[in-house]
Every structure is written in C-alpha cells, then in structure tokens.
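Below is one structure, written out as structure tokens; the observations come after it.
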Amino acid sequence: MKKKKTIRDLLIKYFKAHPKEDMSHGPVVDWVEAKYKRIYQKKPRDTWRSIRNLHEVGFLIKVKKGIYRYDPNAVKKIELENFTPEQKKIILKRDGYKCVICGRGKNEGVELQVDHIKPKYLGGKSTIENGQTLCAQHNFIKKTLKQTETGKKMFIRLYELAKKEKNEELLRFCTDILEMYEKHKITSHIVWKK
Ligand SMILES: [Zn+2]
C-alpha cells in the first residue's frame, strides 16, 4: 500500500525539484496546496508551519523572511554532523542524564552535552549508538585532546604558565592531562619538559 502523502512530503518534493534556488513562499504554497487539494479535496491547514519545521530540522535554509532554499549538500552535511533534538533527548535519557565519565548531572549543576563517541572527522555518524552524554568540562577535555598537536602544545604552554604563577591546582590539572598524552603515546614528538 502506498503511503499517504502529507503536506510535508509535497513540500520536500517541491523543494527537491528546485535545488539551490531561492524560493519565495507564495508559489511554493500555491503549488503544494493545489496538489494537496487534488488528492484530498480540501485545503491543508498547516503549510506554513510545515515549511518552518523543515527549516528547523535543517532541511531548508532560510534566505530571508519568506524565502527558503534547499541545498542538497548542506542537508547531507547536517545529517552527518548533528544529532537531532529527538536523538539528544534519547541519548541523555539512556545515560541517566549524567556525564558518562564523571557521573555528574543536573543535580550537581553541570551542563550536559551530547558528544560523538567516534568523532565526525573520522566518519563517526550521528546515531544514538554513537552518542554519549558528557558534562561540558569533559567534552572540552575530549575536544582538546582530539586536536592532539594543538592540544598538547596548549597544555604545555598552560603548564609553563602555571609553574610561573605557582598555581598548584592548574599545575596538577595540566600534569594529569600531559601524563595522559605520554601514557597513550599521543604526539610523542612534541616534548614536554617537566
Ligand atoms: Zn564529566
């Protein structure tokens, strides 16, 4: 059985037929509503809301008020890069609204973020399985470690600064991080002098 066409389906069809064109809402709404009327013998109710929603989920680019554009390349990028708000909700719930590294959550007043376990630049997909909940701090540490060369250099600079300022807490923090680089032999060509 063929799936019933929704106003959303018709909008997607219309925009896909006009890729990379700035479409003003008038002709879009006219075409879609005429098509809908032919199928259902009545006018659709929420054409406007459907267009706005397609923009919210990243399918349409809003050029300016009342003008939208569909760019297949941009959509592909969005699908690859971002978790949808629904996916984020599921991942946060699955992880018990806690950072998977330190176990802190809303009760401890920390901001939670959804992170790609396998990073996007290594082809990691935006799937529930590839998502994890991290607190803002651990997400920051992970992101910094990910850019290993820049990260290690940055922590060495920070370490030197902490030494100069005799900032014990910062020194301990940098030491921990830099020892992790050494332990896992990440960018061992960059030398850290203790
Ligand atoms: Zn954490």
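Following the order of the structure tokens, chains are lettered A, B, ..., residues in each are numbered from 1, and ligands are numbered from 1.
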At a cut-off of 12 Å, can you tabulate as a tab-separated table every residue of chain A near ligand 1 together with its closest atom pair and the distance in Å to one decimal, using only C-alpha atoms and all ligand atoms and ordering rows by chain then number?
residue	atom	partner	partner_atom_place_in_ligand_line	distance
A:Tyr97	CA	ligand 1	1 (Zn)	11.3
A:Lys98	CA	ligand 1	1 (Zn)	7.9
A:Cys99	CA	ligand 1	1 (Zn)	4.7
A:Val100	CA	ligand 1	1 (Zn)	6.7
A:Ile101	CA	ligand 1	1 (Zn)	5.0
A:Cys102	CA	ligand 1	1 (Zn)	4.2
A:Gly103	CA	ligand 1	1 (Zn)	6.2
A:Arg104	CA	ligand 1	1 (Zn)	6.0
A:Gly105	CA	ligand 1	1 (Zn)	8.2
A:Lys106	CA	ligand 1	1 (Zn)	11.4
A:Glu108	CA	ligand 1	1 (Zn)	10.7
A:Gly109	CA	ligand 1	1 (Zn)	11.5
A:Val110	CA	ligand 1	1 (Zn)	8.4
A:Glu111	CA	ligand 1	1 (Zn)	9.3
A:Leu112	CA	ligand 1	1 (Zn)	8.4
A:Gln113	CA	ligand 1	1 (Zn)	9.8
A:Val114	CA	ligand 1	1 (Zn)	11.6
A:Asp115	CA	ligand 1	1 (Zn)	11.7
A:Gln132	CA	ligand 1	1 (Zn)	11.1
A:Thr133	CA	ligand 1	1 (Zn)	8.6
A:Leu134	CA	ligand 1	1 (Zn)	5.5
A:Cys135	CA	ligand 1	1 (Zn)	4.3
A:Ala136	CA	ligand 1	1 (Zn)	7.0
A:Gln137	CA	ligand 1	1 (Zn)	6.0
A:His138	CA	ligand 1	1 (Zn)	4.6
A:Asn139	CA	ligand 1	1 (Zn)	7.5
A:Phe140	CA	ligand 1	1 (Zn)	9.6
A:Ile141	CA	ligand 1	1 (Zn)	9.4
A:Lys142	CA	ligand 1	1 (Zn)	10.2
Please produce a file of those selected residues containing C-alpha atoms, as a PDB file, in the first residue's frame.
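File again.pdb, as written:
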ATOM      1  CA  TYR A  97      21.139  12.474  32.494  1.00  0.00           C
ATOM      2  CA  LYS A  98      24.718  12.041  33.746  1.00  0.00           C
ATOM      3  CA  CYS A  99      28.180  12.501  32.292  1.00  0.00           C
ATOM      4  CA  VAL A 100      29.413   9.005  31.357  1.00  0.00           C
ATOM      5  CA  ILE A 101      32.905   9.864  32.627  1.00  0.00           C
ATOM      6  CA  CYS A 102      32.348  11.565  35.986  1.00  0.00           C
ATOM      7  CA  GLY A 103      28.699  10.762  36.675  1.00  0.00           C
ATOM      8  CA  ARG A 104      27.772  14.349  37.379  1.00  0.00           C
ATOM      9  CA  GLY A 105      24.483  15.725  36.142  1.00  0.00           C
ATOM     10  CA  LYS A 106      21.827  18.356  36.648  1.00  0.00           C
ATOM     11  CA  GLU A 108      25.444  18.873  40.569  1.00  0.00           C
ATOM     12  CA  GLY A 109      24.639  21.896  38.442  1.00  0.00           C
ATOM     13  CA  VAL A 110      26.738  20.892  35.448  1.00  0.00           C
ATOM     14  CA  GLU A 111      25.781  21.463  31.850  1.00  0.00           C
ATOM     15  CA  LEU A 112      25.339  18.249  29.868  1.00  0.00           C
ATOM     16  CA  GLN A 113      26.229  17.887  26.205  1.00  0.00           C
ATOM     17  CA  VAL A 114      25.805  15.107  23.668  1.00  0.00           C
ATOM     18  CA  ASP A 115      29.072  14.044  22.070  1.00  0.00           C
ATOM     19  CA  GLN A 132      27.222   9.814  24.639  1.00  0.00           C
ATOM     20  CA  THR A 133      26.424  12.268  27.405  1.00  0.00           C
ATOM     21  CA  LEU A 134      29.331  14.355  28.666  1.00  0.00           C
ATOM     22  CA  CYS A 135      29.500  17.259  31.066  1.00  0.00           C
ATOM     23  CA  ALA A 136      30.742  20.482  29.485  1.00  0.00           C
ATOM     24  CA  GLN A 137      34.123  20.036  31.173  1.00  0.00           C
ATOM     25  CA  HIS A 138      34.741  16.501  29.920  1.00  0.00           C
ATOM     26  CA  ASN A 139      33.501  17.426  26.473  1.00  0.00           C
ATOM     27  CA  PHE A 140      36.014  20.263  26.465  1.00  0.00           C
ATOM     28  CA  ILE A 141      38.834  17.970  27.557  1.00  0.00           C
ATOM     29  CA  LYS A 142      37.888  15.422  24.929  1.00  0.00           C
TER      30      LYS A 142
END
| Residues near Arg49 (chain A), cut-off 12 Å, only C-alpha atoms, skip fewer than 2 positions along chain, as a list in words |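 My list of contacting residues is Ile7, Arg8, Leu11, His25, Val29, Pro44, Arg45, Asp46, Thr47, Ile51, Arg52, Asn53, Leu54, His55 and Glu56 of chain A.
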For those residues, write N, CA and C atoms to a file as a compact mmCIF listing (two decimals), in the first residue's frame.
# COMPACT_ATOMS: atom_id res chain seq x y z
N ILE A 7 1.46 17.02 3.70
CA ILE A 7 1.86 18.33 3.20
C ILE A 7 3.38 18.44 3.22
N ARG A 8 3.96 17.80 4.23
CA ARG A 8 5.42 17.80 4.35
C ARG A 8 6.07 17.08 3.15
N LEU A 11 5.95 19.30 0.14
CA LEU A 11 6.91 20.39 0.23
C LEU A 11 8.32 19.89 -0.11
N HIS A 25 7.87 32.08 -0.75
CA HIS A 25 6.83 31.20 -0.21
C HIS A 25 5.57 31.14 -1.05
N VAL A 29 3.64 27.65 -1.71
CA VAL A 29 2.38 27.36 -1.03
C VAL A 29 1.29 27.07 -2.06
N PRO A 44 -5.09 22.12 2.80
CA PRO A 44 -4.33 21.74 4.00
C PRO A 44 -4.33 22.89 5.00
N ARG A 45 -4.07 22.55 6.26
CA ARG A 45 -4.15 23.59 7.29
C ARG A 45 -2.80 24.22 7.64
N ASP A 46 -1.76 23.39 7.69
CA ASP A 46 -0.52 23.96 8.25
C ASP A 46 0.66 23.99 7.29
N THR A 47 0.43 24.48 6.08
CA THR A 47 1.51 24.59 5.11
C THR A 47 2.65 25.43 5.67
N ILE A 51 6.61 24.37 6.52
CA ILE A 51 7.81 25.00 5.93
C ILE A 51 8.76 25.40 7.05
N ARG A 52 8.20 26.04 8.07
CA ARG A 52 9.04 26.46 9.20
C ARG A 52 9.73 25.27 9.84
N ASN A 53 8.99 24.18 9.97
CA ASN A 53 9.55 22.99 10.60
C ASN A 53 10.68 22.39 9.75
N LEU A 54 10.50 22.40 8.43
CA LEU A 54 11.56 21.89 7.55
C LEU A 54 12.83 22.74 7.69
N HIS A 55 12.61 24.00 8.01
CA HIS A 55 13.76 24.87 8.27
C HIS A 55 14.40 24.51 9.61
N GLU A 56 13.56 24.28 10.62
CA GLU A 56 14.07 23.96 11.96
C GLU A 56 14.88 22.67 11.99
| query | Could you pull the residues within 12 Å of region 57-65 of chain A, counting only C-alpha atoms, minus those fewer than 6 positions along the same chain, as a ChimeraX atom specification? | reply | /A:8,11-16,18-26,50-51,71-86
| task | Quick one: pull the distance between CA of Phe173 (chain A) and CA of Ser188 (chain A), Å, one decimal. | result |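 We find that CA of Phe173 (chain A) and CA of Ser188 (chain A) lie 19.2 Å from each other.
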| task | Pick out the residues sitting within 12 Å of region 174-184 of chain A, and hand them over as JSON, numbers by chain; count only C-alpha atoms, and ignore anything fewer than 3 positions along from it in its own chain. | result | {"A": [138, 141, 142, 144, 145, 146, 147, 148, 149, 151, 152, 153, 154, 155, 156, 157, 158, 159, 160, 161, 162, 163, 167, 168, 169, 170, 171, 187, 188, 189, 190, 191, 192, 193, 194]}
Would you mind exporting the chosen residues as an mmCIF file, in the first residue's frame, restricted to N, CA and C atoms?
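Once everything was written out, this is result_30.cif:
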data_model
loop_
_atom_site.group_PDB
_atom_site.id
_atom_site.type_symbol
_atom_site.label_atom_id
_atom_site.label_comp_id
_atom_site.auth_asym_id
_atom_site.auth_seq_id
_atom_site.Cartn_x
_atom_site.Cartn_y
_atom_site.Cartn_z
ATOM 1 N N HIS A 138 34.152 17.674 30.572
ATOM 2 C CA HIS A 138 34.741 16.501 29.920
ATOM 3 C C HIS A 138 34.648 16.587 28.409
ATOM 4 N N ILE A 141 37.573 18.720 27.480
ATOM 5 C CA ILE A 141 38.834 17.970 27.557
ATOM 6 C C ILE A 141 38.950 17.032 26.361
ATOM 7 N N LYS A 142 37.850 16.358 26.049
ATOM 8 C CA LYS A 142 37.888 15.422 24.929
ATOM 9 C C LYS A 142 38.182 16.146 23.615
ATOM 10 N N THR A 144 39.696 18.920 23.194
ATOM 11 C CA THR A 144 41.053 19.447 23.184
ATOM 12 C C THR A 144 42.053 18.332 22.909
ATOM 13 N N LEU A 145 41.807 17.187 23.517
ATOM 14 C CA LEU A 145 42.698 16.044 23.282
ATOM 15 C C LEU A 145 42.622 15.566 21.841
ATOM 16 N N LYS A 146 41.456 15.756 21.267
ATOM 17 C CA LYS A 146 41.216 15.301 19.901
ATOM 18 C C LYS A 146 42.124 16.048 18.933
ATOM 19 N N GLN A 147 42.259 17.332 19.183
ATOM 20 C CA GLN A 147 43.150 18.105 18.324
ATOM 21 C C GLN A 147 44.539 17.981 18.940
ATOM 22 N N THR A 148 45.079 16.769 18.848
ATOM 23 C CA THR A 148 46.188 16.378 19.711
ATOM 24 C C THR A 148 47.376 17.327 19.693
ATOM 25 N N GLU A 149 47.836 17.694 18.525
ATOM 26 C CA GLU A 149 49.037 18.535 18.467
ATOM 27 C C GLU A 149 48.784 19.882 19.122
ATOM 28 N N GLY A 151 46.430 20.611 21.064
ATOM 29 C CA GLY A 151 46.073 20.400 22.458
ATOM 30 C C GLY A 151 47.294 20.232 23.338
ATOM 31 N N LYS A 152 48.222 19.376 22.914
ATOM 32 C CA LYS A 152 49.402 19.136 23.739
ATOM 33 C C LYS A 152 50.219 20.417 23.885
ATOM 34 N N LYS A 153 50.386 21.127 22.784
ATOM 35 C CA LYS A 153 51.132 22.393 22.846
ATOM 36 C C LYS A 153 50.448 23.372 23.788
ATOM 37 N N MET A 154 49.115 23.390 23.698
ATOM 38 C CA MET A 154 48.373 24.306 24.547
ATOM 39 C C MET A 154 48.559 23.962 26.024
ATOM 40 N N PHE A 155 48.509 22.671 26.350
ATOM 41 C CA PHE A 155 48.660 22.272 27.752
ATOM 42 C C PHE A 155 50.091 22.479 28.244
ATOM 43 N N ILE A 156 51.065 22.348 27.346
ATOM 44 C CA ILE A 156 52.454 22.622 27.741
ATOM 45 C C ILE A 156 52.586 24.111 28.076
ATOM 46 N N ARG A 157 51.991 24.957 27.230
ATOM 47 C CA ARG A 157 52.030 26.399 27.498
ATOM 48 C C ARG A 157 51.348 26.734 28.822
ATOM 49 N N LEU A 158 50.202 26.077 29.024
ATOM 50 C CA LEU A 158 49.435 26.309 30.245
ATOM 51 C C LEU A 158 50.216 25.823 31.469
ATOM 52 N N TYR A 159 50.918 24.704 31.302
ATOM 53 C CA TYR A 159 51.739 24.129 32.362
ATOM 54 C C TYR A 159 52.863 25.094 32.749
ATOM 55 N N GLU A 160 53.517 25.645 31.719
ATOM 56 C CA GLU A 160 54.609 26.596 31.966
ATOM 57 C C GLU A 160 54.085 27.833 32.708
ATOM 58 N N LEU A 161 52.918 28.272 32.262
ATOM 59 C CA LEU A 161 52.294 29.445 32.886
ATOM 60 C C LEU A 161 51.961 29.169 34.351
ATOM 61 N N ALA A 162 51.405 27.990 34.601
ATOM 62 C CA ALA A 162 51.028 27.612 35.964
ATOM 63 C C ALA A 162 52.255 27.550 36.864
ATOM 64 N N LYS A 163 53.373 27.066 36.292
ATOM 65 C CA LYS A 163 54.615 26.966 37.047
ATOM 66 C C LYS A 163 55.097 28.364 37.448
ATOM 67 N N ASN A 167 50.665 28.318 40.420
ATOM 68 C CA ASN A 167 49.255 27.929 40.562
ATOM 69 C C ASN A 167 49.196 26.400 40.648
ATOM 70 N N GLU A 168 49.163 25.916 41.888
ATOM 71 C CA GLU A 168 49.269 24.470 42.134
ATOM 72 C C GLU A 168 48.126 23.683 41.488
ATOM 73 N N GLU A 169 46.938 24.222 41.592
ATOM 74 C CA GLU A 169 45.782 23.488 41.079
ATOM 75 C C GLU A 169 45.869 23.328 39.561
ATOM 76 N N LEU A 170 46.205 24.415 38.891
ATOM 77 C CA LEU A 170 46.326 24.371 37.434
ATOM 78 C C LEU A 170 47.488 23.472 37.017
ATOM 79 N N LEU A 171 48.542 23.504 37.818
ATOM 80 C CA LEU A 171 49.713 22.688 37.542
ATOM 81 C C LEU A 171 49.362 21.197 37.617
ATOM 82 N N THR A 187 51.090 12.042 20.100
ATOM 83 C CA THR A 187 52.010 13.098 19.638
ATOM 84 C C THR A 187 53.281 13.181 20.493
ATOM 85 N N SER A 188 53.990 12.025 20.587
ATOM 86 C CA SER A 188 55.176 11.984 21.441
ATOM 87 C C SER A 188 56.344 12.778 20.849
ATOM 88 N N HIS A 189 56.179 13.246 19.605
ATOM 89 C CA HIS A 189 57.247 14.077 19.018
ATOM 90 C C HIS A 189 57.264 15.469 19.644
ATOM 91 N N ILE A 190 56.167 15.843 20.280
ATOM 92 C CA ILE A 190 56.157 17.136 20.976
ATOM 93 C C ILE A 190 56.610 16.864 22.419
ATOM 94 N N VAL A 191 57.744 17.439 22.774
ATOM 95 C CA VAL A 191 58.348 17.095 24.060
ATOM 96 C C VAL A 191 57.870 18.034 25.178
ATOM 97 N N TRP A 192 57.450 17.383 26.267
ATOM 98 C CA TRP A 192 57.037 18.123 27.465
ATOM 99 C C TRP A 192 58.140 17.996 28.510
ATOM 100 N N LYS A 193 58.746 19.113 28.841
ATOM 101 C CA LYS A 193 59.810 19.097 29.863
ATOM 102 C C LYS A 193 59.188 19.390 31.213
ATOM 103 N N LYS A 194 59.243 18.400 32.092
ATOM 104 C CA LYS A 194 58.647 18.565 33.428
ATOM 105 C C LYS A 194 59.469 19.504 34.291
#
| request: If you run DSSP over the backbone, which residues in region 14-186 of chain A end up helix (DSSP H, G or I)? Put them as a PyMOL selection string. | output: chain A and resi 14-17+25-40+47-56+72-81+85-94+106-108+120-122+136-146+148-165+168-183
| Do you have the CA of Lys89 (chain A)-CA of Tyr70 (chain A) distance handy? |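 So the answer is 26.7 Å.
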